[in-house]
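**Q** The structure file data_29.json (JSON, C-alpha atoms) is provided below.
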[["chain", "number", "residue", "atom", "x", "y", "z"],
["Z", 1, "MET", "CA", 1.37, 61.50, 5.41],
["Z", 2, "SER", "CA", -0.03, 60.63, 2.00],
["Z", 3, "ASP", "CA", -2.19, 57.52, 1.59],
["Z", 4, "ARG", "CA", -0.24, 56.75, -1.57],
["Z", 5, "VAL", "CA", 2.58, 55.17, 0.48],
["Z", 6, "MET", "CA", 0.42, 52.99, 2.74],
["Z", 7, "THR", "CA", 1.42, 49.34, 2.73],
["Z", 8, "THR", "CA", 0.36, 46.04, 4.29],
["Z", 9, "LEU", "CA", 2.47, 43.26, 5.76],
["Z", 10, "GLY", "CA", 0.06, 40.39, 6.16],
["Z", 11, "SER", "CA", -2.64, 41.66, 8.50],
["Z", 12, "LEU", "CA", -0.49, 44.62, 9.56],
["Z", 13, "GLU", "CA", -1.34, 47.90, 7.86],
["Z", 14, "LEU", "CA", 1.35, 50.57, 7.96],
["Z", 15, "PRO", "CA", 1.15, 54.25, 6.98],
["Z", 16, "ASN", "CA", 4.40, 53.96, 5.03],
["Z", 17, "PRO", "CA", 6.93, 51.26, 4.05],
["Z", 18, "VAL", "CA", 10.09, 52.56, 5.78],
["Z", 19, "LEU", "CA", 11.23, 50.62, 8.86],
["Z", 20, "THR", "CA", 14.44, 50.38, 10.85],
["Z", 21, "ALA", "CA", 16.58, 47.28, 10.46],
["Z", 22, "SER", "CA", 16.95, 45.15, 13.56],
["Z", 23, "GLY", "CA", 19.98, 46.07, 15.64],
["Z", 24, "CYS", "CA", 20.50, 49.46, 14.02],
["Z", 25, "GLY", "CA", 18.07, 51.62, 15.98],
["Z", 26, "GLY", "CA", 19.07, 50.65, 19.51],
["Z", 27, "THR", "CA", 16.13, 50.66, 21.90],
["Z", 28, "GLY", "CA", 14.46, 53.50, 20.00],
["Z", 29, "ARG", "CA", 15.47, 56.12, 22.53],
["Z", 30, "GLU", "CA", 18.64, 56.84, 20.58],
["Z", 31, "LEU", "CA", 16.84, 57.66, 17.33],
["Z", 32, "ALA", "CA", 14.05, 59.53, 19.12],
["Z", 33, "GLN", "CA", 16.57, 62.31, 19.79],
["Z", 34, "PHE", "CA", 16.55, 63.08, 16.07],
["Z", 35, "PHE", "CA", 12.95, 62.57, 14.89],
["Z", 36, "ASP", "CA", 9.52, 61.37, 15.96],
["Z", 37, "LEU", "CA", 9.58, 57.57, 15.64],
["Z", 38, "THR", "CA", 5.91, 57.51, 14.69],
["Z", 39, "ARG", "CA", 7.01, 58.90, 11.31],
["Z", 40, "LEU", "CA", 8.39, 55.44, 10.55],
["Z", 41, "GLY", "CA", 6.21, 52.70, 9.17],
["Z", 42, "ALA", "CA", 7.44, 50.67, 12.15],
["Z", 43, "PHE", "CA", 10.41, 50.32, 14.46],
["Z", 44, "VAL", "CA", 12.14, 46.92, 14.45],
["Z", 45, "THR", "CA", 13.85, 46.11, 17.73],
["Z", 46, "THR", "CA", 17.27, 44.62, 18.24],
["Z", 47, "SER", "CA", 16.95, 40.83, 18.35],
["Z", 48, "VAL", "CA", 15.83, 39.83, 21.84],
["Z", 49, "MET", "CA", 17.13, 36.62, 23.40],
["Z", 50, "PRO", "CA", 15.97, 34.74, 26.52],
["Z", 51, "GLN", "CA", 18.93, 35.80, 28.66],
["Z", 52, "ALA", "CA", 21.10, 38.90, 28.87],
["Z", 53, "ARG", "CA", 24.22, 38.73, 26.70],
["Z", 54, "ALA", "CA", 27.33, 40.88, 26.70],
["Z", 55, "GLY", "CA", 28.16, 39.92, 23.14],
["Z", 56, "ARG", "CA", 31.61, 39.30, 21.71],
["Z", 57, "PRO", "CA", 34.70, 41.15, 22.96],
["Z", 58, "THR", "CA", 35.98, 44.14, 21.02],
["Z", 59, "PRO", "CA", 36.95, 44.88, 18.33],
["Z", 60, "ARG", "CA", 33.63, 43.74, 16.88],
["Z", 61, "VAL", "CA", 33.03, 46.43, 14.25],
["Z", 62, "THR", "CA", 35.22, 47.48, 11.34],
["Z", 63, "GLU", "CA", 34.60, 49.60, 8.27],
["Z", 64, "THR", "CA", 35.00, 48.39, 4.71],
["Z", 65, "PRO", "CA", 35.04, 50.52, 1.53],
["Z", 66, "SER", "CA", 31.28, 50.07, 1.04],
["Z", 67, "GLY", "CA", 29.80, 48.95, 4.33],
["Z", 68, "LEU", "CA", 30.39, 47.62, 7.80],
["Z", 69, "LEU", "CA", 31.62, 44.29, 9.12],
["Z", 70, "THR", "CA", 30.17, 43.49, 12.51],
["Z", 71, "ALA", "CA", 30.46, 40.54, 14.87],
["Z", 72, "MET", "CA", 28.45, 41.78, 17.82],
["Z", 73, "GLY", "CA", 27.29, 38.45, 19.21],
["Z", 74, "LEU", "CA", 23.73, 39.76, 19.73],
["Z", 75, "PRO", "CA", 24.35, 41.74, 22.94],
["Z", 76, "GLY", "CA", 21.23, 42.69, 24.85],
["Z", 77, "PRO", "CA", 19.46, 42.75, 28.20],
["Z", 78, "GLY", "CA", 17.31, 39.66, 27.60],
["Z", 79, "ILE", "CA", 13.55, 39.27, 27.42],
["Z", 80, "GLU", "CA", 12.84, 40.23, 31.06],
["Z", 81, "THR", "CA", 14.41, 43.68, 30.82],
["Z", 82, "PHE", "CA", 13.03, 44.18, 27.33],
["Z", 83, "LEU", "CA", 9.48, 43.60, 28.58],
["Z", 84, "GLU", "CA", 9.98, 45.71, 31.70],
["Z", 85, "ARG", "CA", 11.88, 48.66, 30.21],
["Z", 86, "ASP", "CA", 12.25, 48.85, 26.43],
["Z", 87, "LEU", "CA", 8.92, 47.72, 24.99],
["Z", 88, "PRO", "CA", 6.81, 49.81, 27.42],
["Z", 89, "TRP", "CA", 8.73, 52.93, 26.37],
["Z", 90, "LEU", "CA", 8.03, 52.26, 22.69],
["Z", 91, "ILE", "CA", 4.35, 51.66, 23.45],
["Z", 92, "GLU", "CA", 4.16, 54.92, 25.41],
["Z", 93, "GLN", "CA", 5.48, 56.76, 22.36],
["Z", 94, "ASP", "CA", 2.78, 55.13, 20.16],
["Z", 95, "VAL", "CA", 5.50, 53.57, 18.02],
["Z", 96, "ARG", "CA", 4.42, 50.65, 15.84],
["Z", 97, "THR", "CA", 6.83, 47.98, 17.04],
["Z", 98, "ILE", "CA", 8.03, 44.81, 15.35],
["Z", 99, "VAL", "CA", 9.87, 42.65, 17.89],
["Z", 100, "SER", "CA", 12.85, 40.71, 16.57],
["Z", 101, "ILE", "CA", 13.62, 37.48, 18.44],
["Z", 102, "ALA", "CA", 16.62, 35.14, 18.34],
["Z", 103, "GLY", "CA", 17.64, 31.93, 20.08],
["Z", 104, "ASN", "CA", 20.09, 29.07, 20.07],
["Z", 105, "SER", "CA", 17.49, 26.30, 20.11],
["Z", 106, "VAL", "CA", 13.98, 25.74, 18.81],
["Z", 107, "GLU", "CA", 12.76, 25.73, 22.41],
["Z", 108, "GLU", "CA", 14.21, 29.20, 23.04],
["Z", 109, "TYR", "CA", 12.33, 30.65, 20.09],
["Z", 110, "GLY", "CA", 9.12, 29.06, 21.34],
["Z", 111, "GLU", "CA", 9.77, 30.42, 24.83],
["Z", 112, "LEU", "CA", 10.22, 33.96, 23.48],
["Z", 113, "ALA", "CA", 7.02, 33.73, 21.47],
["Z", 114, "SER", "CA", 5.18, 32.58, 24.61],
["Z", 115, "ARG", "CA", 6.53, 35.53, 26.59],
["Z", 116, "LEU", "CA", 5.25, 37.92, 23.93],
["Z", 117, "ARG", "CA", 1.88, 36.21, 23.50],
["Z", 118, "ASN", "CA", -0.13, 38.36, 25.90],
["Z", 119, "VAL", "CA", 1.97, 41.51, 25.66],
["Z", 120, "PRO", "CA", 0.15, 44.48, 24.10],
["Z", 121, "GLY", "CA", 1.89, 46.66, 21.54],
["Z", 122, "VAL", "CA", 3.58, 43.95, 19.48],
["Z", 123, "ALA", "CA", 2.65, 44.75, 15.88],
["Z", 124, "ALA", "CA", 4.55, 41.78, 14.44],
["Z", 125, "ILE", "CA", 7.38, 39.37, 15.26],
["Z", 126, "GLU", "CA", 10.52, 39.08, 13.17],
["Z", 127, "ILE", "CA", 12.17, 35.69, 13.59],
["Z", 128, "ASN", "CA", 15.93, 36.01, 13.22],
["Z", 129, "VAL", "CA", 16.97, 32.52, 12.16],
["Z", 130, "ALA", "CA", 20.58, 33.58, 11.52],
["Z", 131, "CYS", "CA", 21.62, 32.15, 14.90],
["Z", 132, "PRO", "CA", 23.78, 29.12, 15.69],
["Z", 133, "ASN", "CA", 21.83, 25.98, 16.53],
["Z", 134, "VAL", "CA", 23.50, 24.48, 19.60],
["Z", 135, "GLU", "CA", 21.80, 21.17, 18.85],
["Z", 136, "ASP", "CA", 23.29, 21.01, 15.35],
["Z", 137, "ARG", "CA", 27.01, 21.70, 15.92],
["Z", 138, "GLY", "CA", 26.43, 25.45, 15.85],
["Z", 139, "ARG", "CA", 25.24, 25.59, 12.25],
["Z", 140, "MET", "CA", 22.83, 28.46, 11.62],
["Z", 141, "PHE", "CA", 19.13, 27.67, 11.42],
["Z", 142, "ALA", "CA", 18.99, 29.88, 8.31],
["Z", 143, "TRP", "CA", 21.25, 27.54, 6.37],
["Z", 144, "HIS", "CA", 18.78, 24.66, 6.16],
["Z", 145, "PRO", "CA", 15.10, 24.64, 5.11],
["Z", 146, "ALA", "CA", 14.08, 22.09, 7.76],
["Z", 147, "ALA", "CA", 15.91, 23.89, 10.57],
["Z", 148, "ALA", "CA", 14.51, 27.30, 9.65],
["Z", 149, "ALA", "CA", 11.03, 25.81, 9.32],
["Z", 150, "SER", "CA", 11.26, 24.17, 12.75],
["Z", 151, "VAL", "CA", 11.92, 27.57, 14.33],
["Z", 152, "VAL", "CA", 9.03, 29.21, 12.49],
["Z", 153, "ARG", "CA", 6.74, 26.34, 13.45],
["Z", 154, "ALA", "CA", 7.63, 26.73, 17.14],
["Z", 155, "VAL", "CA", 7.03, 30.49, 17.08],
["Z", 156, "HIS", "CA", 3.75, 30.02, 15.23],
["Z", 157, "ALA", "CA", 2.59, 27.54, 17.85],
["Z", 158, "HIS", "CA", 3.28, 29.87, 20.77],
["Z", 159, "ALA", "CA", 2.68, 33.37, 19.38],
["Z", 160, "ARG", "CA", -0.61, 35.21, 19.75],
["Z", 161, "PRO", "CA", -2.92, 34.37, 16.84],
["Z", 162, "GLY", "CA", -3.19, 37.23, 14.40],
["Z", 163, "VAL", "CA", 0.27, 38.67, 15.03],
["Z", 164, "PRO", "CA", 2.16, 38.51, 11.70],
["Z", 165, "LEU", "CA", 5.37, 36.46, 11.73],
["Z", 166, "PHE", "CA", 8.30, 37.40, 9.48],
["Z", 167, "ALA", "CA", 11.25, 35.05, 9.03],
["Z", 168, "LYS", "CA", 14.52, 36.92, 8.47],
["Z", 169, "LEU", "CA", 16.71, 34.87, 6.14],
["Z", 170, "ALA", "CA", 20.45, 34.82, 5.45],
["Z", 171, "PRO", "CA", 21.78, 35.14, 1.88],
["Z", 172, "ASP", "CA", 24.74, 32.78, 2.35],
["Z", 173, "VAL", "CA", 22.84, 29.74, 1.11],
["Z", 174, "THR", "CA", 22.64, 27.76, -2.10],
["Z", 175, "ASP", "CA", 18.93, 28.41, -2.72],
["Z", 176, "ILE", "CA", 17.16, 31.05, -0.64],
["Z", 177, "VAL", "CA", 13.85, 30.37, -2.41],
["Z", 178, "THR", "CA", 13.71, 26.81, -1.01],
["Z", 179, "ILE", "CA", 14.26, 28.13, 2.51],
["Z", 180, "ALA", "CA", 11.67, 30.86, 2.02],
["Z", 181, "LEU", "CA", 9.11, 28.29, 0.85],
["Z", 182, "ALA", "CA", 9.84, 26.10, 3.88],
["Z", 183, "CYS", "CA", 9.32, 29.03, 6.27],
["Z", 184, "VAL", "CA", 6.04, 30.07, 4.67],
["Z", 185, "ASP", "CA", 4.79, 26.49, 4.72],
["Z", 186, "ALA", "CA", 5.69, 26.37, 8.45],
["Z", 187, "GLY", "CA", 3.55, 29.41, 9.24],
["Z", 188, "ALA", "CA", 5.51, 32.55, 8.38],
["Z", 189, "ASP", "CA", 3.21, 35.33, 7.15],
["Z", 190, "GLY", "CA", 6.08, 37.12, 5.44],
["Z", 191, "LEU", "CA", 9.83, 37.30, 5.01],
["Z", 192, "THR", "CA", 12.62, 39.74, 5.76],
["Z", 193, "LEU", "CA", 15.32, 39.63, 3.09],
["Z", 194, "ILE", "CA", 18.19, 39.74, 3.83],
["Z", 195, "ASN", "CA", 20.35, 39.42, 6.89],
["Z", 196, "THR", "CA", 24.04, 40.34, 6.66],
["Z", 197, "MET", "CA", 26.50, 38.38, 4.53],
["Z", 198, "ASP", "CA", 29.49, 36.61, 6.01],
["Z", 199, "GLY", "CA", 32.71, 38.54, 5.39],
["Z", 200, "MET", "CA", 36.17, 39.16, 6.75],
["Z", 201, "ALA", "CA", 38.81, 41.88, 6.94],
["Z", 202, "ILE", "CA", 42.47, 41.71, 7.94],
["Z", 203, "ASP", "CA", 44.19, 44.65, 9.61],
["Z", 204, "PRO", "CA", 47.38, 45.46, 7.64],
["Z", 205, "GLU", "CA", 48.94, 46.98, 10.77],
["Z", 206, "THR", "CA", 48.44, 44.06, 13.16],
["Z", 207, "LEU", "CA", 48.53, 41.49, 10.33],
["Z", 208, "ARG", "CA", 45.61, 39.76, 12.04],
["Z", 209, "PRO", "CA", 41.83, 39.57, 11.53],
["Z", 210, "ALA", "CA", 40.25, 42.97, 12.20],
["Z", 211, "LEU", "CA", 37.46, 41.40, 14.27],
["Z", 212, "THR", "CA", 37.87, 39.32, 17.41],
["Z", 213, "GLY", "CA", 35.36, 36.88, 15.98],
["Z", 214, "VAL", "CA", 37.48, 36.65, 12.76],
["Z", 215, "SER", "CA", 34.51, 36.85, 10.37],
["Z", 216, "GLY", "CA", 31.45, 39.05, 10.68],
["Z", 217, "GLY", "CA", 28.29, 40.22, 9.00],
["Z", 218, "LEU", "CA", 28.74, 42.55, 6.03],
["Z", 219, "SER", "CA", 26.07, 45.24, 5.71],
["Z", 220, "GLY", "CA", 25.61, 48.46, 3.78],
["Z", 221, "PRO", "CA", 25.72, 49.34, 0.05],
["Z", 222, "ALA", "CA", 27.99, 46.40, -0.78],
["Z", 223, "ILE", "CA", 25.20, 43.87, -0.23],
["Z", 224, "ARG", "CA", 22.32, 45.73, -1.88],
["Z", 225, "PRO", "CA", 22.61, 43.94, -5.26],
["Z", 226, "VAL", "CA", 22.53, 40.59, -3.46],
["Z", 227, "ALA", "CA", 19.54, 41.64, -1.37],
["Z", 228, "VAL", "CA", 17.64, 42.90, -4.43],
["Z", 229, "ARG", "CA", 18.34, 39.60, -6.20],
["Z", 230, "CYS", "CA", 17.02, 37.63, -3.23],
["Z", 231, "VAL", "CA", 13.86, 39.73, -3.04],
["Z", 232, "TYR", "CA", 13.28, 39.37, -6.78],
["Z", 233, "GLN", "CA", 13.72, 35.59, -6.73],
["Z", 234, "VAL", "CA", 11.54, 35.02, -3.68],
["Z", 235, "HIS", "CA", 8.78, 37.35, -4.93],
["Z", 236, "ALA", "CA", 8.75, 35.45, -8.23],
["Z", 237, "ALA", "CA", 8.17, 32.20, -6.31],
["Z", 238, "LEU", "CA", 5.84, 33.64, -3.65],
["Z", 239, "PRO", "CA", 4.13, 36.67, -5.20],
["Z", 240, "SER", "CA", 1.46, 36.93, -2.50],
["Z", 241, "THR", "CA", 3.90, 36.76, 0.43],
["Z", 242, "PRO", "CA", 4.87, 40.18, 1.82],
["Z", 243, "ILE", "CA", 8.59, 40.90, 1.91],
["Z", 244, "ILE", "CA", 10.59, 43.44, 3.90],
["Z", 245, "GLY", "CA", 13.67, 44.33, 1.85],
["Z", 246, "VAL", "CA", 16.88, 44.99, 3.79],
["Z", 247, "GLY", "CA", 20.45, 45.62, 2.72],
["Z", 248, "GLY", "CA", 22.10, 48.90, 1.84],
["Z", 249, "VAL", "CA", 19.01, 51.10, 1.70],
["Z", 250, "ALA", "CA", 20.40, 54.65, 1.88],
["Z", 251, "SER", "CA", 18.11, 56.63, -0.43],
["Z", 252, "GLY", "CA", 14.62, 56.74, -1.84],
["Z", 253, "LEU", "CA", 15.84, 55.23, -5.10],
["Z", 254, "ASP", "CA", 17.40, 52.34, -3.18],
["Z", 255, "ALA", "CA", 14.04, 51.76, -1.52],
["Z", 256, "LEU", "CA", 12.25, 51.94, -4.87],
["Z", 257, "GLU", "CA", 14.59, 49.31, -6.29],
["Z", 258, "PHE", "CA", 13.58, 46.86, -3.56],
["Z", 259, "ILE", "CA", 9.90, 47.64, -4.05],
["Z", 260, "LEU", "CA", 10.12, 47.09, -7.80],
["Z", 261, "ALA", "CA", 11.79, 43.74, -7.07],
["Z", 262, "GLY", "CA", 8.83, 42.71, -4.90],
["Z", 263, "ALA", "CA", 9.24, 44.15, -1.40],
["Z", 264, "SER", "CA", 6.22, 45.72, 0.30],
["Z", 265, "ALA", "CA", 8.46, 47.55, 2.80],
["Z", 266, "VAL", "CA", 12.13, 48.33, 3.31],
["Z", 267, "ALA", "CA", 14.30, 48.59, 6.42],
["Z", 268, "VAL", "CA", 17.07, 51.14, 6.83],
["Z", 269, "GLY", "CA", 20.08, 49.90, 8.79],
["Z", 270, "THR", "CA", 23.72, 50.84, 8.28],
["Z", 271, "ALA", "CA", 22.78, 54.29, 6.92],
["Z", 272, "LEU", "CA", 21.50, 55.21, 10.39],
["Z", 273, "PHE", "CA", 25.01, 55.14, 11.83],
["Z", 274, "HIS", "CA", 26.10, 58.20, 9.84],
["Z", 275, "ASP", "CA", 22.66, 59.73, 9.31],
["Z", 276, "PRO", "CA", 20.24, 59.08, 12.19],
["Z", 277, "THR", "CA", 17.46, 60.82, 10.22],
["Z", 278, "ALA", "CA", 17.88, 58.47, 7.25],
["Z", 279, "GLY", "CA", 14.44, 56.89, 7.81],
["Z", 280, "PRO", "CA", 12.31, 60.02, 7.25],
["Z", 281, "ARG", "CA", 14.67, 61.17, 4.49],
["Z", 282, "VAL", "CA", 14.40, 57.87, 2.59],
["Z", 283, "LEU", "CA", 10.61, 58.06, 2.89],
["Z", 284, "ARG", "CA", 10.52, 61.60, 1.51],
["Z", 285, "GLU", "CA", 12.81, 60.64, -1.38],
["Z", 286, "LEU", "CA", 10.72, 57.56, -2.10],
["Z", 287, "GLU", "CA", 7.55, 59.64, -2.32],
["Z", 288, "GLU", "CA", 9.33, 62.00, -4.72],
["Z", 289, "ALA", "CA", 10.54, 59.05, -6.81],
["Z", 290, "LEU", "CA", 7.02, 57.63, -7.08],
["Z", 291, "ALA", "CA", 5.59, 61.02, -8.07],
["Z", 292, "ALA", "CA", 8.34, 61.56, -10.66],
["Z", 293, "ARG", "CA", 7.40, 58.25, -12.27],
["Z", 294, "ARG", "CA", 3.67, 59.07, -12.08],
["Z", 295, "ILE", "CA", 2.99, 56.01, -9.90],
["Z", 296, "GLY", "CA", -0.24, 56.63, -8.05],
["Z", 297, "ARG", "CA", 0.27, 54.27, -5.10],
["Z", 298, "LEU", "CA", 3.15, 52.37, -3.57],
["Z", 299, "ALA", "CA", 1.17, 49.13, -3.94],
["Z", 300, "ASP", "CA", 1.21, 49.59, -7.70],
["Z", 301, "ALA", "CA", 5.01, 49.56, -7.72],
["Z", 302, "VAL", "CA", 5.45, 46.36, -5.68],
["Z", 303, "GLY", "CA", 6.91, 43.74, -8.02],
["Z", 304, "LEU", "CA", 6.61, 46.00, -11.06],
["Z", 305, "ALA", "CA", 9.99, 44.81, -12.35],
["Z", 306, "HIS", "CA", 8.43, 41.37, -12.89],
["Z", 307, "LYS", "CA", 5.89, 42.71, -15.38],
["Z", 308, "PRO", "CA", 6.54, 42.39, -19.11],
["Z", 309, "ALA", "CA", 8.15, 45.31, -20.91],
["Z", 310, "GLY", "CA", 5.62, 47.95, -21.82],
["Z", 311, "TYR", "CA", 3.23, 47.04, -19.00],
["Z", 312, "VAL", "CA", 1.57, 50.13, -17.53],
["Z", 313, "PRO", "CA", -0.66, 49.57, -14.49],
["Z", 314, "PRO", "CA", -3.83, 51.68, -14.31],
["Z", 315, "GLN", "CA", -2.43, 53.81, -11.49],
["Z", 316, "VAL", "CA", 0.54, 54.95, -13.55],
["Z", 317, "ARG", "CA", -0.51, 58.02, -15.46],
["Z", 318, "PRO", "CA", 1.44, 58.26, -18.71],
["Z", 319, "GLN", "CA", 2.42, 61.71, -19.87],
["Z", 320, "GLU", "CA", 0.05, 63.10, -22.47],
["Z", 321, "PRO", "CA", 1.61, 63.76, -25.89],
["Z", 322, "GLU", "CA", 2.13, 67.37, -26.79],
["Z", 323, "LYS", "CA", -0.47, 68.85, -29.10],
["Z", 324, "GLU", "CA", 0.72, 69.79, -32.56],
["Z", 325, "LYS", "CA", 1.24, 73.47, -33.03],
["Z", 326, "LEU", "CA", -0.89, 75.12, -35.67]]
Mind turning the file's structure into structure tokens?
**A**
Amino acid sequence: MSDRVMTTLGSLELPNPVLTASGCGGTGRELAQFFDLTRLGAFVTTSVMPQARAGRPTPRVTETPSGLLTAMGLPGPGIETFLERDLPWLIEQDVRTIVSIAGNSVEEYGELASRLRNVPGVAAIEINVACPNVEDRGRMFAWHPAAAASVVRAVHAHARPGVPLFAKLAPDVTDIVTIALACVDAGADGLTLINTMDGMAIDPETLRPALTGVSGGLSGPAIRPVAVRCVYQVHAALPSTPIIGVGGVASGLDALEFILAGASAVAVGTALFHDPTAGPRVLRELEEALAARRIGRLADAVGLAHKPAGYVPPQVRPQEPEKEKL
């Protein structure tokens, strides 16, 4: 692996910027059938909750012309089984692991952070604030700066010092920059942008909503322009805050677009469902894209789209003009 694609997320140094998106790589065992997970920058777990959950009844997934609509309900075994079975397996494989956590109250997030505090092998914690707040009529924490900040503050208070915290934000808000600022002020070391967008499909055969939960989270290529916009806006406001870009990454050029907007890493999600090897492929294509543009290091491309026209960083080697023929 070339040093040119090394990246840092707060205090976490990664050999490359390609991660899995939470919920799309299973426990890791599923993807490990197709490639060595250590080839990823890091593996992001499915969001772990305090108790086991069966999730919503089926149908909870439906295809759209340019992505997926899902209303899974965060199914999972709960923190106990995760700590006993899933995380130890990832550690045994030497996989750099970012643990995603989710809860329905501020106290639940704090409890999860406490459970992870003395557990080895946790490279970082991703705080999924796109969960209904049972204490606020079920409105998502991610919709309000104060609510999102309260979750981050609770995790920061209970997590092991030095473990980077990334708040994963939802795009269905009036001003994502305000929420991002609130999360960073509350102790987030970085941000994951974005979670799925709220969408809906109706089955023309049954004449009813295609999902049992009526609406669901839209992911895939359809949301990439929105995700890139969010990354660009937040990087402009918080240029020193590391961002993980998520939303429709299916190629190296997709990844490069996020990096130019200001992301220090990208997460591959929906693409994994039809191409389980998408992670290593995206990384290879990204390296080729950087080389084709004579960009010496990934770090030199982060936020490059914010630079004035004509700006050429020192690491970009411009092509030498051809010598005149005699």
**Q** For the contact check between segment 71-109 of chain Z and segment 42-52 of chain Z, emit one row per residue of segment 71-109 of chain Z within 6 Å, containing the shortest atom pair and the distance in Å rounded to one decimal, counting all atoms listed in the file, chain then rising number order, as CSV.
**A**
residue,atom,partner,partner_atom,distance
Z:Gly76,CA,Z:Ala52,CA,5.5
Z:Pro77,CA,Z:Ala52,CA,4.2
Z:Gly78,CA,Z:Ala52,CA,4.1
Z:Ile79,CA,Z:Pro50,CA,5.2
Z:Arg96,CA,Z:Ala42,CA,4.8
Z:Thr97,CA,Z:Phe43,CA,5.0
Z:Ile98,CA,Z:Val44,CA,4.7
Z:Val99,CA,Z:Thr45,CA,5.3
Z:Ser100,CA,Z:Ser47,CA,4.5
Z:Ile101,CA,Z:Val48,CA,4.7
Z:Ala102,CA,Z:Met49,CA,5.3
Z:Gly103,CA,Z:Met49,CA,5.8
**Q** May I ask which of the residues Z:Leu191, Z:Ala261, Z:Pro276, Z:Leu112 is the closest one to Gly28 of chain Z, counting only C-alpha atoms?
**A** Z:Pro276
**Q** Pick from Z:Ala210, Z:Ala130, Z:Phe34, Z:Arg4: nearest to Asp198 of chain Z, with only C-alpha atoms counted?
**A** Z:Ala130
**Q** Between Z:Leu165, Z:Ala227, Z:Ala124, Z:Leu83, which has the minimum distance to Glu13 of chain Z (counting only C-alpha atoms)?
**A**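 Selected residue with least distance to Glu13 of chain Z: Z:Ala124.
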**Q** Determine the nearest neighbour of Thr7 of chain Z from the options Z:Ala292, Z:Ile243, Z:Val312, Z:Asn133, counting only C-alpha atoms.
**A** Z:Ile243
**Q** What's around Ala32 of chain Z at 10 Å? Count only C-alpha atoms, leave out sequence neighbours fewer than 5 positions away in its own chain, and write the answer as JSON, numbers by chain.
**A** {"Z": [25, 27, 37, 38, 93, 276, 277]}
**Q** As an exercise, work out the distance from atom CA of Leu304 of chain Z to atom CA of Leu290 of chain Z in Å and give it to one decimal place.
**A**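 These atoms are spaced 12.3 Å apart.
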**Q** Pick out the closest residue to Thr174 of chain Z from this set: Z:Glu107, Z:Asp3, Z:Cys230, Z:Glu84. Count all atoms listed in the file.
**A**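 For Thr174 of chain Z, the nearest of the given residues is Z:Cys230.
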**Q** For Arg224 of chain Z, list every protein, DNA or RNA residue within 12 Å, evaluated using all atoms listed in the file, and leave out those in the same chain fewer than 3 positions away; present the list as an MDAnalysis selection string.
**A** chainID Z and resid 66:67 171 193:197 218:221 227:231 245:251 253:255 257:258 261 266:270
**Q** Enter the distance from atom CA of Pro164 of chain Z to atom CA of Val122 of chain Z, in Å, rounded to one decimal.
**A**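 Between atom CA of Pro164 of chain Z and atom CA of Val122 of chain Z the gap works out to 9.6 Å.
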**Q** Dump as a list of chain:residue names all residues having an atom at most 6 Å from (4.6, 45.8, 23.9), computed in the file's coordinates with all atoms listed in the file.
**A**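 Checked against the point, the hits come out as Z:Leu87, Z:Pro88, Z:Ile91, Z:Val119, Z:Pro120, Z:Gly121, Z:Val122.
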**Q** Would you mind listing what lies within 10 Å of Ala146 of chain Z as a ChimeraX atom specification, with only C-alpha atoms counted and same-chain residues fewer than 2 positions away left out?
**A** /Z:141-144,148-152,178-179,182-183,186
